[in-house]
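Source file: final04.cif (mmCIF, C-alpha atoms and all ligand atoms)
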```
data_work
#
loop_
_atom_site.label_atom_id
_atom_site.label_comp_id
_atom_site.auth_asym_id
_atom_site.auth_seq_id
_atom_site.Cartn_x
_atom_site.Cartn_y
_atom_site.Cartn_z
CA MET A 385 -128.79 64.40 57.18
CA PRO A 386 -128.91 67.84 55.61
CA LEU A 387 -126.69 70.46 57.18
CA ASP A 388 -128.28 71.87 60.35
CA PRO A 389 -126.22 74.80 61.70
CA SER A 390 -128.70 75.36 64.54
CA ARG A 391 -127.56 72.00 65.89
CA THR A 392 -124.01 73.40 66.11
CA VAL A 393 -125.26 76.27 68.28
CA ALA A 394 -127.17 73.80 70.49
CA GLU A 395 -124.07 71.60 70.82
CA LEU A 396 -121.87 74.58 71.72
CA LYS A 397 -124.27 75.28 74.58
CA GLU A 398 -124.27 71.63 75.57
CA LEU A 399 -120.46 71.65 75.75
CA ARG A 400 -120.53 74.91 77.69
CA ASP A 401 -122.84 73.35 80.28
CA LEU A 402 -120.71 70.20 80.45
CA THR A 403 -117.30 71.88 80.84
CA GLY A 404 -117.88 75.45 82.03
CA ASP A 405 -118.89 77.21 85.23
CA ASP A 406 -119.95 80.72 86.27
CA HIS A 407 -116.50 82.02 85.33
CA GLY A 408 -116.45 80.57 81.82
CA ALA A 409 -115.03 77.60 79.93
CA GLN A 410 -112.63 75.39 81.92
CA ARG A 411 -111.36 73.01 79.26
CA VAL A 412 -107.68 73.58 79.96
CA ALA A 413 -105.65 70.95 78.08
CA TRP A 414 -104.40 67.93 80.02
CA THR A 415 -107.14 68.20 82.66
CA GLU A 416 -110.15 66.04 83.51
CA THR A 417 -112.57 68.68 82.25
CA TRP A 418 -110.82 68.76 78.88
CA GLU A 419 -110.95 64.96 78.72
CA ARG A 420 -114.67 65.06 79.47
CA GLY A 421 -115.17 67.34 76.46
CA ARG A 422 -113.07 65.04 74.27
CA VAL A 423 -115.13 61.97 75.23
CA TRP A 424 -118.33 63.92 74.58
CA LEU A 425 -116.99 64.81 71.11
CA ARG A 426 -116.40 61.14 70.31
CA ASP A 427 -120.02 60.36 71.19
CA LYS A 428 -121.20 63.17 68.91
CA LEU A 429 -119.37 61.67 65.94
CA ALA A 430 -120.17 58.00 66.54
CA ALA A 431 -123.25 58.11 64.28
CA THR A 432 -121.28 59.38 61.27
CA GLY A 433 -119.28 56.16 61.03
CA ALA A 434 -116.02 58.14 61.12
CA THR A 435 -113.11 56.16 62.52
CA HIS A 436 -111.41 57.60 65.61
CA GLU A 437 -107.79 57.74 66.69
CA ILE A 438 -105.59 59.74 69.03
CA ASP A 439 -102.09 60.39 67.72
CA GLU A 440 -98.77 60.52 69.58
CA ALA A 441 -99.19 64.23 70.40
CA GLY A 442 -102.70 63.76 71.80
CA ASN A 443 -104.51 65.15 68.75
CA GLN A 444 -107.87 63.51 68.20
CA TRP A 445 -108.73 62.51 64.59
CA PHE A 446 -112.01 61.47 62.99
CA THR A 447 -111.75 60.06 59.47
CA LEU A 448 -114.35 59.49 56.74
CA PRO A 449 -112.62 57.49 53.99
CA GLY A 450 -113.00 58.89 50.47
CA ASP A 451 -112.24 57.70 46.94
CA SER A 452 -108.69 58.95 47.45
CA GLU A 453 -106.38 58.59 50.45
CA ARG A 454 -105.49 62.24 50.02
CA ALA A 455 -107.31 64.07 52.75
CA LEU A 456 -109.16 67.30 53.30
CA LEU A 457 -108.58 68.29 56.94
CA ILE A 458 -110.89 70.42 59.05
CA GLY A 459 -109.51 71.43 62.42
CA GLY A 460 -109.99 73.23 65.70
CA HIS A 461 -109.23 72.83 69.39
CA LEU A 462 -111.50 71.87 72.27
CA ASP A 463 -109.07 73.17 74.87
CA SER A 464 -109.67 76.62 76.35
CA VAL A 465 -107.92 79.07 78.62
CA PRO A 466 -109.13 79.08 82.26
CA ASN A 467 -112.31 81.17 82.52
CA GLY A 468 -112.43 81.17 78.73
CA GLY A 469 -115.17 81.87 76.25
CA TRP A 470 -117.73 79.45 74.84
CA LEU A 471 -116.52 79.66 71.21
CA ASP A 472 -112.73 79.93 70.97
CA GLY A 473 -111.57 76.70 69.40
CA CYS A 474 -114.65 74.56 69.96
CA LEU A 475 -116.72 76.41 67.34
CA ASP A 476 -114.16 75.21 64.78
CA VAL A 477 -114.49 71.61 65.95
CA LEU A 478 -118.28 71.55 66.27
CA ALA A 479 -118.81 73.24 62.91
CA GLY A 480 -116.55 70.51 61.54
CA VAL A 481 -118.74 67.88 63.21
CA GLU A 482 -121.79 69.23 61.40
CA VAL A 483 -119.95 69.30 58.07
CA LEU A 484 -118.74 65.74 58.61
CA ARG A 485 -122.31 64.60 59.22
CA ARG A 486 -123.42 66.19 55.97
CA VAL A 487 -120.49 64.74 54.01
CA ALA A 488 -121.10 61.26 55.46
CA GLU A 489 -124.76 61.47 54.41
CA ASN A 490 -123.83 62.31 50.81
CA GLY A 491 -121.92 59.05 50.26
CA THR A 492 -118.20 58.51 49.67
CA PRO A 493 -116.41 61.87 49.16
CA PRO A 494 -113.78 62.25 46.42
CA LEU A 495 -111.10 62.93 49.07
CA THR A 496 -110.87 61.44 52.53
CA VAL A 497 -112.32 63.94 55.00
CA ARG A 498 -110.76 64.24 58.46
CA LEU A 499 -111.68 66.31 61.48
CA VAL A 500 -108.90 67.05 63.95
CA ASP A 501 -109.24 68.28 67.52
CA TRP A 502 -105.72 69.64 68.17
CA ALA A 503 -104.25 69.05 71.61
CA ASP A 504 -103.33 72.09 73.71
CA GLU A 505 -103.63 74.98 71.28
CA GLU A 506 -103.77 77.51 74.11
CA GLY A 507 -100.78 76.43 76.18
CA ALA A 508 -102.69 77.70 79.19
CA ARG A 509 -101.24 75.31 81.74
CA PHE A 510 -97.60 75.04 80.67
CA GLY A 511 -97.15 78.19 78.57
CA ARG A 512 -96.53 76.25 75.34
CA SER A 513 -99.12 77.09 72.64
CA LEU A 514 -99.87 75.02 69.52
CA PHE A 515 -98.52 71.84 71.11
CA GLY A 516 -100.34 69.22 69.05
CA SER A 517 -100.30 71.06 65.75
CA SER A 518 -96.58 71.89 65.98
CA ALA A 519 -95.84 68.22 66.67
CA ALA A 520 -97.91 67.16 63.65
CA ALA A 521 -96.28 69.86 61.51
CA GLY A 522 -92.83 68.68 62.60
CA SER A 523 -91.87 72.16 63.77
CA MET A 524 -91.69 71.25 67.48
CA THR A 525 -88.01 71.60 68.38
CA ASP A 526 -88.22 72.49 72.06
CA GLN A 527 -88.80 69.07 73.63
CA ASP A 528 -85.74 69.40 75.89
CA GLU A 529 -87.09 72.64 77.25
CA LEU A 530 -90.64 71.22 77.50
CA ARG A 531 -89.37 68.40 79.74
CA GLN A 532 -88.44 71.03 82.35
CA ARG A 533 -91.76 72.87 82.30
CA ARG A 534 -94.02 72.75 85.31
CA ASP A 535 -97.52 74.06 85.95
CA GLY A 536 -98.51 76.31 88.87
CA ASP A 537 -98.82 73.25 91.15
CA GLY A 538 -95.32 72.02 90.30
CA ILE A 539 -96.52 69.15 88.07
CA ALA A 540 -94.05 68.48 85.23
CA LEU A 541 -95.35 68.68 81.66
CA PRO A 542 -94.29 65.12 80.73
CA ASP A 543 -96.18 63.75 83.76
CA ALA A 544 -99.33 65.68 82.92
CA LEU A 545 -99.16 64.41 79.32
CA ALA A 546 -98.55 60.84 80.45
CA GLY A 547 -101.78 61.05 82.43
CA HIS A 548 -103.51 61.44 79.06
CA GLY A 549 -101.57 58.72 77.27
CA VAL A 550 -99.07 61.04 75.58
CA ASP A 551 -95.32 60.37 75.69
CA LEU A 552 -93.48 63.62 74.94
CA ASP A 553 -90.55 61.69 73.44
CA ASN A 554 -92.84 60.26 70.75
CA ALA A 555 -94.89 63.40 70.06
CA LEU A 556 -93.22 64.10 66.73
CA GLU A 557 -94.48 60.76 65.42
CA ALA A 558 -97.74 62.65 64.92
CA ARG A 559 -96.13 63.96 61.72
CA ARG A 560 -97.46 60.99 59.76
CA GLN A 561 -100.97 62.47 60.18
CA LEU A 562 -100.18 65.19 57.65
CA GLU A 563 -98.60 62.89 55.06
CA ASN A 564 -101.71 62.61 52.90
CA ALA A 565 -103.09 66.06 53.64
CA ALA A 566 -104.29 67.89 50.53
CA ALA A 567 -105.77 70.95 52.23
CA TYR A 568 -106.60 72.30 55.69
CA LEU A 569 -109.62 74.42 56.67
CA GLU A 570 -110.27 76.12 60.00
CA LEU A 571 -113.14 78.31 61.13
CA HIS A 572 -112.47 80.52 64.14
CA ILE A 573 -113.95 83.51 65.91
CA GLU A 574 -112.08 86.68 64.95
CA GLN A 575 -111.16 87.61 68.56
CA GLY A 576 -110.81 91.20 67.37
CA PRO A 577 -113.06 94.12 66.39
CA VAL A 578 -112.57 94.41 62.62
CA LEU A 579 -115.55 92.46 61.22
CA GLU A 580 -117.93 93.98 63.74
CA SER A 581 -116.78 97.50 62.84
CA LEU A 582 -117.45 96.69 59.17
CA GLU A 583 -120.83 95.13 60.09
CA LEU A 584 -119.83 91.92 58.32
CA PRO A 585 -120.45 88.44 59.74
CA LEU A 586 -117.57 86.63 58.02
CA GLY A 587 -114.10 87.18 56.62
CA VAL A 588 -111.31 85.24 54.91
CA VAL A 589 -107.99 85.11 56.72
CA LEU A 590 -105.01 85.90 54.51
CA GLY A 591 -102.46 84.44 56.88
CA THR A 592 -100.99 85.02 60.30
CA PHE A 593 -98.80 87.98 61.14
CA GLY A 594 -95.06 87.72 61.38
CA VAL A 595 -93.83 89.00 64.73
CA GLU A 596 -90.62 90.78 65.80
CA ARG A 597 -90.32 91.10 69.56
CA HIS A 598 -87.42 93.00 71.10
CA LEU A 599 -86.15 94.44 74.36
CA VAL A 600 -84.91 97.94 73.61
CA THR A 601 -82.77 99.39 76.39
CA PHE A 602 -81.94 103.07 76.58
CA GLN A 603 -78.98 103.85 78.82
CA GLY A 604 -78.48 107.34 80.29
CA GLN A 605 -77.08 108.58 83.57
CA ALA A 606 -78.77 108.69 86.95
CA ALA A 607 -78.48 112.22 88.37
CA HIS A 608 -80.08 114.25 91.13
CA ALA A 609 -83.52 115.56 90.15
CA GLY A 610 -82.87 118.81 91.97
CA SER A 611 -79.30 119.67 91.09
CA THR A 612 -79.12 118.60 87.41
CA PRO A 613 -80.10 121.38 84.98
CA MET A 614 -82.50 120.37 82.22
CA ASP A 615 -79.92 120.83 79.46
CA GLN A 616 -77.34 118.62 81.17
CA ARG A 617 -79.37 115.43 81.56
CA ARG A 618 -78.92 112.07 79.95
CA ASP A 619 -82.49 110.87 80.50
CA ALA A 620 -83.14 107.29 79.32
CA LEU A 621 -86.90 107.69 79.75
CA ALA A 622 -86.87 110.52 77.20
CA GLY A 623 -85.57 107.95 74.71
CA ALA A 624 -88.33 105.47 75.55
CA ALA A 625 -91.00 108.18 75.35
CA LYS A 626 -89.84 109.41 71.97
CA LEU A 627 -89.59 105.88 70.57
CA GLU A 628 -93.09 104.99 71.79
CA LEU A 629 -94.55 107.87 69.80
CA GLU A 630 -92.30 107.20 66.81
CA ILE A 631 -93.42 103.56 66.39
CA ARG A 632 -96.95 104.80 65.81
CA ARG A 633 -95.73 106.93 62.92
CA ILE A 634 -93.69 104.02 61.59
CA ALA A 635 -96.70 101.67 61.69
CA LYS A 636 -98.78 104.26 59.88
CA ARG A 637 -96.12 104.89 57.26
CA VAL A 638 -95.51 101.19 56.48
CA GLY A 639 -99.25 100.58 56.64
CA ALA A 640 -101.10 97.56 55.15
CA GLY A 641 -102.20 96.45 58.59
CA ALA A 642 -98.89 97.06 60.39
CA VAL A 643 -99.11 97.13 64.18
CA CYS A 644 -96.43 98.20 66.67
CA THR A 645 -96.80 98.10 70.43
CA MET A 646 -94.60 99.15 73.27
CA GLY A 647 -96.08 96.82 75.84
CA GLY A 648 -94.03 97.86 78.84
CA VAL A 649 -91.27 100.12 80.09
CA VAL A 650 -89.21 99.48 83.22
CA THR A 651 -87.18 102.42 84.50
CA LYS A 652 -84.26 102.41 86.89
CA PRO A 653 -83.54 103.62 89.44
CA GLY A 654 -87.26 104.44 89.27
CA ILE A 655 -87.32 106.93 92.13
CA VAL A 656 -88.84 110.39 92.12
CA THR A 657 -85.55 112.13 92.96
CA SER A 658 -83.46 110.79 90.07
CA VAL A 659 -83.19 111.20 86.33
CA VAL A 660 -83.85 107.77 84.73
CA GLU A 661 -80.63 105.89 84.01
CA THR A 662 -82.04 102.88 82.14
CA ALA A 663 -85.37 102.42 80.39
CA GLU A 664 -86.12 98.89 79.19
CA CYS A 665 -88.85 98.86 76.55
CA LEU A 666 -90.77 95.80 75.34
CA LEU A 667 -91.46 96.27 71.64
CA ASP A 668 -93.76 94.07 69.54
CA GLN A 669 -94.07 94.63 65.78
CA ARG A 670 -96.31 92.62 63.42
CA HIS A 671 -97.02 92.46 59.71
CA LEU A 672 -98.39 89.96 57.21
CA ASP A 673 -95.64 90.76 54.71
CA ALA A 674 -92.06 89.75 55.50
CA THR A 675 -90.49 92.71 53.67
CA GLN A 676 -92.73 95.20 55.40
CA LEU A 677 -92.12 93.53 58.76
CA ALA A 678 -88.38 93.96 58.17
CA GLU A 679 -89.05 97.59 57.30
CA LEU A 680 -90.94 98.12 60.58
CA LEU A 681 -87.98 96.73 62.46
CA SER A 682 -85.24 98.62 60.62
CA ASN A 683 -87.19 101.89 60.84
CA ALA A 684 -87.62 101.46 64.59
CA GLU A 685 -83.93 100.65 65.01
CA ALA A 686 -82.90 103.71 63.02
CA ALA A 687 -85.34 105.91 64.95
CA SER A 688 -83.99 104.63 68.27
CA ARG A 689 -80.40 105.50 67.23
CA GLN A 690 -81.45 108.96 66.15
CA ILE A 691 -83.30 109.48 69.42
CA ALA A 692 -80.32 108.22 71.44
CA HIS A 693 -78.15 110.71 69.61
CA GLU A 694 -80.56 113.59 70.37
CA GLU A 695 -80.73 112.69 74.06
CA TYR A 696 -77.02 111.92 74.62
CA ILE A 697 -77.90 108.35 75.65
CA GLU A 698 -77.15 104.86 74.32
CA VAL A 699 -79.50 102.25 72.93
CA VAL A 700 -79.14 98.45 72.75
CA TRP A 701 -81.48 95.98 71.03
CA ASP A 702 -81.96 92.37 72.20
CA LYS A 703 -84.23 90.00 70.30
CA ILE A 704 -86.79 88.26 72.48
CA TRP A 705 -88.61 86.21 69.83
CA SER A 706 -89.64 86.34 66.22
CA ILE A 707 -91.68 84.37 63.72
CA GLU A 708 -92.08 84.87 60.01
CA PRO A 709 -95.45 85.75 58.46
CA ILE A 710 -97.36 82.66 57.36
CA PRO A 711 -99.48 83.39 54.29
CA PHE A 712 -102.41 81.13 53.48
CA ASP A 713 -103.08 79.44 50.12
CA GLU A 714 -104.26 81.78 47.34
CA ARG A 715 -106.50 79.22 45.72
CA LEU A 716 -108.21 78.43 49.01
CA ILE A 717 -108.52 82.14 49.81
CA GLU A 718 -110.49 82.53 46.56
CA LEU A 719 -112.73 79.56 47.39
CA ALA A 720 -113.29 80.90 50.91
CA ASP A 721 -114.17 84.32 49.51
CA GLU A 722 -116.73 82.73 47.17
CA SER A 723 -118.20 80.63 49.98
CA ILE A 724 -118.66 83.67 52.20
CA ARG A 725 -120.21 85.74 49.42
CA GLU A 726 -122.69 82.93 48.72
CA VAL A 727 -123.91 82.71 52.31
CA ALA A 728 -123.48 86.31 53.50
CA GLY A 729 -123.45 88.49 50.38
CA THR A 730 -120.20 90.30 51.18
CA SER A 731 -116.77 89.01 52.12
CA HIS A 732 -113.73 90.71 53.56
CA ARG A 733 -110.05 89.72 53.65
CA LEU A 734 -108.06 90.25 56.81
CA PRO A 735 -104.88 89.03 58.50
CA SER A 736 -104.84 87.21 61.81
CA GLY A 737 -102.97 88.83 64.68
CA PRO A 738 -103.07 85.74 66.91
CA LEU A 739 -101.38 82.53 65.79
CA HIS A 740 -103.59 79.50 65.22
CA ASP A 741 -103.10 75.78 64.61
CA ALA A 742 -103.69 76.63 60.94
CA ALA A 743 -100.38 78.53 60.93
CA GLU A 744 -98.51 75.36 61.91
CA VAL A 745 -100.26 73.35 59.20
CA ALA A 746 -99.51 76.04 56.60
CA ARG A 747 -95.86 76.12 57.70
CA ALA A 748 -95.72 72.39 56.99
CA GLY A 749 -96.50 73.23 53.36
CA ILE A 750 -100.15 72.17 53.28
CA PRO A 751 -102.54 74.52 51.45
CA THR A 752 -104.46 76.19 54.26
CA VAL A 753 -107.12 78.82 54.81
CA MET A 754 -109.16 80.10 57.73
CA LEU A 755 -112.58 81.71 58.01
CA PHE A 756 -113.24 84.26 60.72
CA VAL A 757 -116.68 84.93 62.14
CA GLN A 758 -117.41 88.23 63.86
CA SER A 759 -116.66 88.53 67.58
CA LEU A 760 -118.93 90.87 69.54
CA ARG A 761 -116.93 93.76 71.03
CA GLY A 762 -113.82 91.93 69.82
CA LEU A 763 -113.59 90.11 73.16
CA SER A 764 -112.03 86.67 73.63
CA HIS A 765 -110.30 84.63 76.33
CA THR A 766 -113.02 85.78 78.74
CA ARG A 767 -116.47 84.47 79.51
CA LEU A 768 -117.78 87.67 77.87
CA GLU A 769 -116.66 86.30 74.48
CA ASP A 770 -119.71 86.10 72.22
CA THR A 771 -120.97 85.95 68.63
CA LYS A 772 -124.55 86.36 67.39
CA GLU A 773 -126.20 82.96 66.90
CA GLU A 774 -127.25 83.90 63.37
CA HIS A 775 -123.60 84.59 62.57
CA LEU A 776 -122.53 81.25 64.06
CA GLU A 777 -125.04 79.54 61.77
CA LEU A 778 -123.80 81.47 58.73
CA ALA A 779 -120.27 80.42 59.64
CA VAL A 780 -121.24 76.74 59.62
CA HIS A 781 -122.88 77.23 56.21
CA ALA A 782 -119.75 78.94 54.90
CA LEU A 783 -117.44 76.18 56.17
CA ASP A 784 -119.72 73.62 54.54
CA ARG A 785 -119.65 75.45 51.18
CA LEU A 786 -115.91 75.78 51.42
CA THR A 787 -115.61 72.05 52.14
CA THR A 788 -117.61 71.21 49.01
CA LYS A 789 -115.62 73.59 46.84
CA THR A 790 -112.31 72.33 48.21
CA LEU A 791 -113.31 68.70 47.64
CA GLU A 792 -114.06 69.56 44.01
CA ALA A 793 -111.00 71.73 43.44
CA PHE A 794 -108.43 69.49 45.16
CA ALA A 795 -109.76 66.06 44.11
ZN ZN B 1 -108.51 79.36 69.36
#
```

Take the structure in the file and write it out as structure tokens.
Amino acid sequence: MPLDPSRTVAELKELRDLTGDDHGAQRVAWTETWERGRVWLRDKLAATGATHEIDEAGNQWFTLPGDSERALLIGGHLDSVPNGGWLDGCLDVLAGVEVLRRVAENGTPPLTVRLVDWADEEGARFGRSLFGSSAAAGSMTDQDELRQRRDGDGIALPDALAGHGVDLDNALEARRQLENAAAYLELHIEQGPVLESLELPLGVVLGTFGVERHLVTFQGQAAHAGSTPMDQRRDALAGAAKLELEIRRIAKRVGAGAVCTMGGVVTKPGIVTSVVETAECLLDQRHLDATQLAELLSNAEAASRQIAHEEYIEVVWDKIWSIEPIPFDERLIELADESIREVAGTSHRLPSGPLHDAAEVARAGIPTVMLFVQSLRGLSHTRLEDTKEEHLELAVHALDRLTTKTLEAFA
């Protein structure tokens, strides 16, 4: 069977009709609708002769044996957020289906080729993203905490998983799936506005951003709004306001894609008749380069101390969460660039703001790259998520080229 990317578009619509409603995709992991999609996927691949297995973390694998046991992996996730889009995650899987069909038709590949449908990438029901891929990568360390998690209806995570044949205690056994992995490829919608603004259909992802997330608390003194002269105030909100504007300058100065966001400020006492005593700021800083990420953080810390000094207030930093940048494989980035240029004329390199399953695989030390296809209006995690059909077809072509090149280069 020659590659037929229009079939991928047709199958995306078929899956949308099977598992969506007027509000969007409803393939939330560990639900009946998700399971329906997973069974449908198995039927789609039956004709390729690929063997099927579900691992201890619920990841679904389809394997075409090659001359070598070393394996080229292509991955994605069928699960969606509630009221999700028709492409996030399942484009990756269904493009992989089409590539697998083409590879199967061409006879035994030099490497084993495996398609993986990762379990619960979104974490929509229990708030734990990248479940299956982190188990396979061996980076899942929060099983004790996961045992306590419950969904909105009070159902415990282990019970929901058990309903789909997954025992949380054994999830890390999924690690053996990556033992023979030679390379990992993932195609995903961009979920942002960059490619559209450049009028380019496709881009190569350089890696996923490192993230520094902190609670920055400015502490001043509550005082009467009427009786306290302007030059005698210790106004915590002034600190927050100055820092919010300063992080923009810091992001610009560090550059190379740096982004800084103050996502929320809570003020106390928060009444109209008082100067603000405490202002709690949620700060999120991201960069693809670890050194520059550290620079974003240290610059913001220094700025906050300077601001506190100017305003006669105090500042305290508490770390909420952080993750290091995860760069993708340089050799695969080159091959992906070539593949995109061959099918679309022009390529573009960009970082990924969101994390993806690919980040977990790369963290496990497996050479990894992702392709992004343009998202219209940059929208995702909504039923308004969309990509031009011609771009979807180009994306399948590019993934197929990249598969061929990777099979040659890594054999
Ligand atoms: Zn996704």

For Ala540 of chain A, find every residue with an atom within 12 Å (counting only C-alpha atoms), except residues of its own chain fewer than 3 positions away, and show them as number ranges by chain.
A: 414, 509-510, 529-537, 543-547, 552

Residues as selected, C-alpha atoms, written as a compact mmCIF listing (two decimals), keeping the file's coordinate frame, can you do that?
```txt
# COMPACT_ATOMS: atom_id res chain seq x y z
CA TRP A 414 -104.40 67.93 80.02
CA ARG A 509 -101.24 75.31 81.74
CA PHE A 510 -97.60 75.04 80.67
CA GLU A 529 -87.09 72.64 77.25
CA LEU A 530 -90.64 71.22 77.50
CA ARG A 531 -89.37 68.40 79.74
CA GLN A 532 -88.44 71.03 82.35
CA ARG A 533 -91.76 72.87 82.30
CA ARG A 534 -94.02 72.75 85.31
CA ASP A 535 -97.52 74.06 85.95
CA GLY A 536 -98.51 76.31 88.87
CA ASP A 537 -98.82 73.25 91.15
CA ASP A 543 -96.18 63.75 83.76
CA ALA A 544 -99.33 65.68 82.92
CA LEU A 545 -99.16 64.41 79.32
CA ALA A 546 -98.55 60.84 80.45
CA GLY A 547 -101.78 61.05 82.43
CA LEU A 552 -93.48 63.62 74.94
```

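The two atoms in question, atom CA of Ser611 of chain A and atom CA of Leu627 of chain A, are spaced 26.8 Å apart.
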
List every residue of chain A that has an atom at most 12 Å from any atom of ligand ZN 1 (chain B), giving for each one its closest atom pair and the distance in Å to one decimal, counting all atoms listed in the file, sorted by chain and then by ascending residue number, as a Markdown table.
```
| residue | atom | partner | partner_atom | distance |
| --- | --- | --- | --- | --- |
| A:Gly459 | CA | B:ZN1 | ZN | 10.6 |
| A:Gly460 | CA | B:ZN1 | ZN | 7.3 |
| A:His461 | CA | B:ZN1 | ZN | 6.6 |
| A:Leu462 | CA | B:ZN1 | ZN | 8.6 |
| A:Asp463 | CA | B:ZN1 | ZN | 8.3 |
| A:Ser464 | CA | B:ZN1 | ZN | 7.6 |
| A:Val465 | CA | B:ZN1 | ZN | 9.3 |
| A:Gly468 | CA | B:ZN1 | ZN | 10.3 |
| A:Gly469 | CA | B:ZN1 | ZN | 9.9 |
| A:Trp470 | CA | B:ZN1 | ZN | 10.7 |
| A:Leu471 | CA | B:ZN1 | ZN | 8.2 |
| A:Asp472 | CA | B:ZN1 | ZN | 4.6 |
| A:Gly473 | CA | B:ZN1 | ZN | 4.1 |
| A:Cys474 | CA | B:ZN1 | ZN | 7.8 |
| A:Leu475 | CA | B:ZN1 | ZN | 9.0 |
| A:Asp476 | CA | B:ZN1 | ZN | 8.4 |
| A:Val477 | CA | B:ZN1 | ZN | 10.4 |
| A:Asp501 | CA | B:ZN1 | ZN | 11.3 |
| A:Trp502 | CA | B:ZN1 | ZN | 10.2 |
| A:Ala503 | CA | B:ZN1 | ZN | 11.4 |
| A:Asp504 | CA | B:ZN1 | ZN | 9.9 |
| A:Glu505 | CA | B:ZN1 | ZN | 6.8 |
| A:Glu506 | CA | B:ZN1 | ZN | 7.0 |
| A:Gly507 | CA | B:ZN1 | ZN | 10.7 |
| A:Ala508 | CA | B:ZN1 | ZN | 11.5 |
| A:Ser513 | CA | B:ZN1 | ZN | 10.2 |
| A:Leu514 | CA | B:ZN1 | ZN | 9.7 |
| A:Glu570 | CA | B:ZN1 | ZN | 10.1 |
| A:Leu571 | CA | B:ZN1 | ZN | 9.5 |
| A:His572 | CA | B:ZN1 | ZN | 6.7 |
| A:Ile573 | CA | B:ZN1 | ZN | 7.7 |
| A:Glu574 | CA | B:ZN1 | ZN | 9.3 |
| A:Gln575 | CA | B:ZN1 | ZN | 8.7 |
| A:Ser736 | CA | B:ZN1 | ZN | 11.5 |
| A:Gly737 | CA | B:ZN1 | ZN | 11.9 |
| A:Pro738 | CA | B:ZN1 | ZN | 8.7 |
| A:Leu739 | CA | B:ZN1 | ZN | 8.6 |
| A:His740 | CA | B:ZN1 | ZN | 6.4 |
| A:Asp741 | CA | B:ZN1 | ZN | 8.0 |
| A:Ala742 | CA | B:ZN1 | ZN | 10.1 |
| A:Ala743 | CA | B:ZN1 | ZN | 11.7 |
| A:Met754 | CA | B:ZN1 | ZN | 11.7 |
| A:Phe756 | CA | B:ZN1 | ZN | 11.0 |
| A:Ser764 | CA | B:ZN1 | ZN | 9.2 |
| A:His765 | CA | B:ZN1 | ZN | 8.9 |
| A:Glu769 | CA | B:ZN1 | ZN | 11.9 |
```

Atomic separation - atom CA of Glu395 of chain A relative to atom CA of Leu456 of chain A, Å
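Atom CA of Glu395 of chain A lies at a distance of 23.4 Å from atom CA of Leu456 of chain A.
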
Using all atoms listed in the file for the distances, tell me which of A:Gly522, A:Leu667, A:Thr790, A:Leu776 is nearest to Ser390 of chain A.
A:Leu776

Around (-90.6, 69.2, 71.5), as given in the file, which residues come within 8 Å? Count all atoms listed in the file and list them as JSON, numbers by chain.
{"A": [519, 524, 525, 526, 527, 528, 529, 530, 552, 553, 555, 556]}

Write out as a VMD selection string which residues come within 7 Å of Arg618 of chain A when counting only C-alpha atoms, dropping same-chain ones fewer than 2 positions away.
chain A and resid 604 to 605 616 620 695 to 697

So that I can check the surroundings of Ser731 of chain A, please list as a list in words every protein, DNA and RNA residue that reaches within 7 Å of it, counting all atoms listed in the file and ignoring chain neighbours fewer than 2 positions away.
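Once the adjacent positions are removed, what remains is Leu586, Gly587, Asp721, Ile724, Arg725, Gly729 and Arg733 of chain A.
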
Which of A:Arg785, A:Arg391, A:His407, A:Arg486 sits closest to Glu726 of chain A [using all atoms listed in the file]
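When distances to Glu726 of chain A are compared using all atoms listed in the file, the smallest one comes from A:Arg785.
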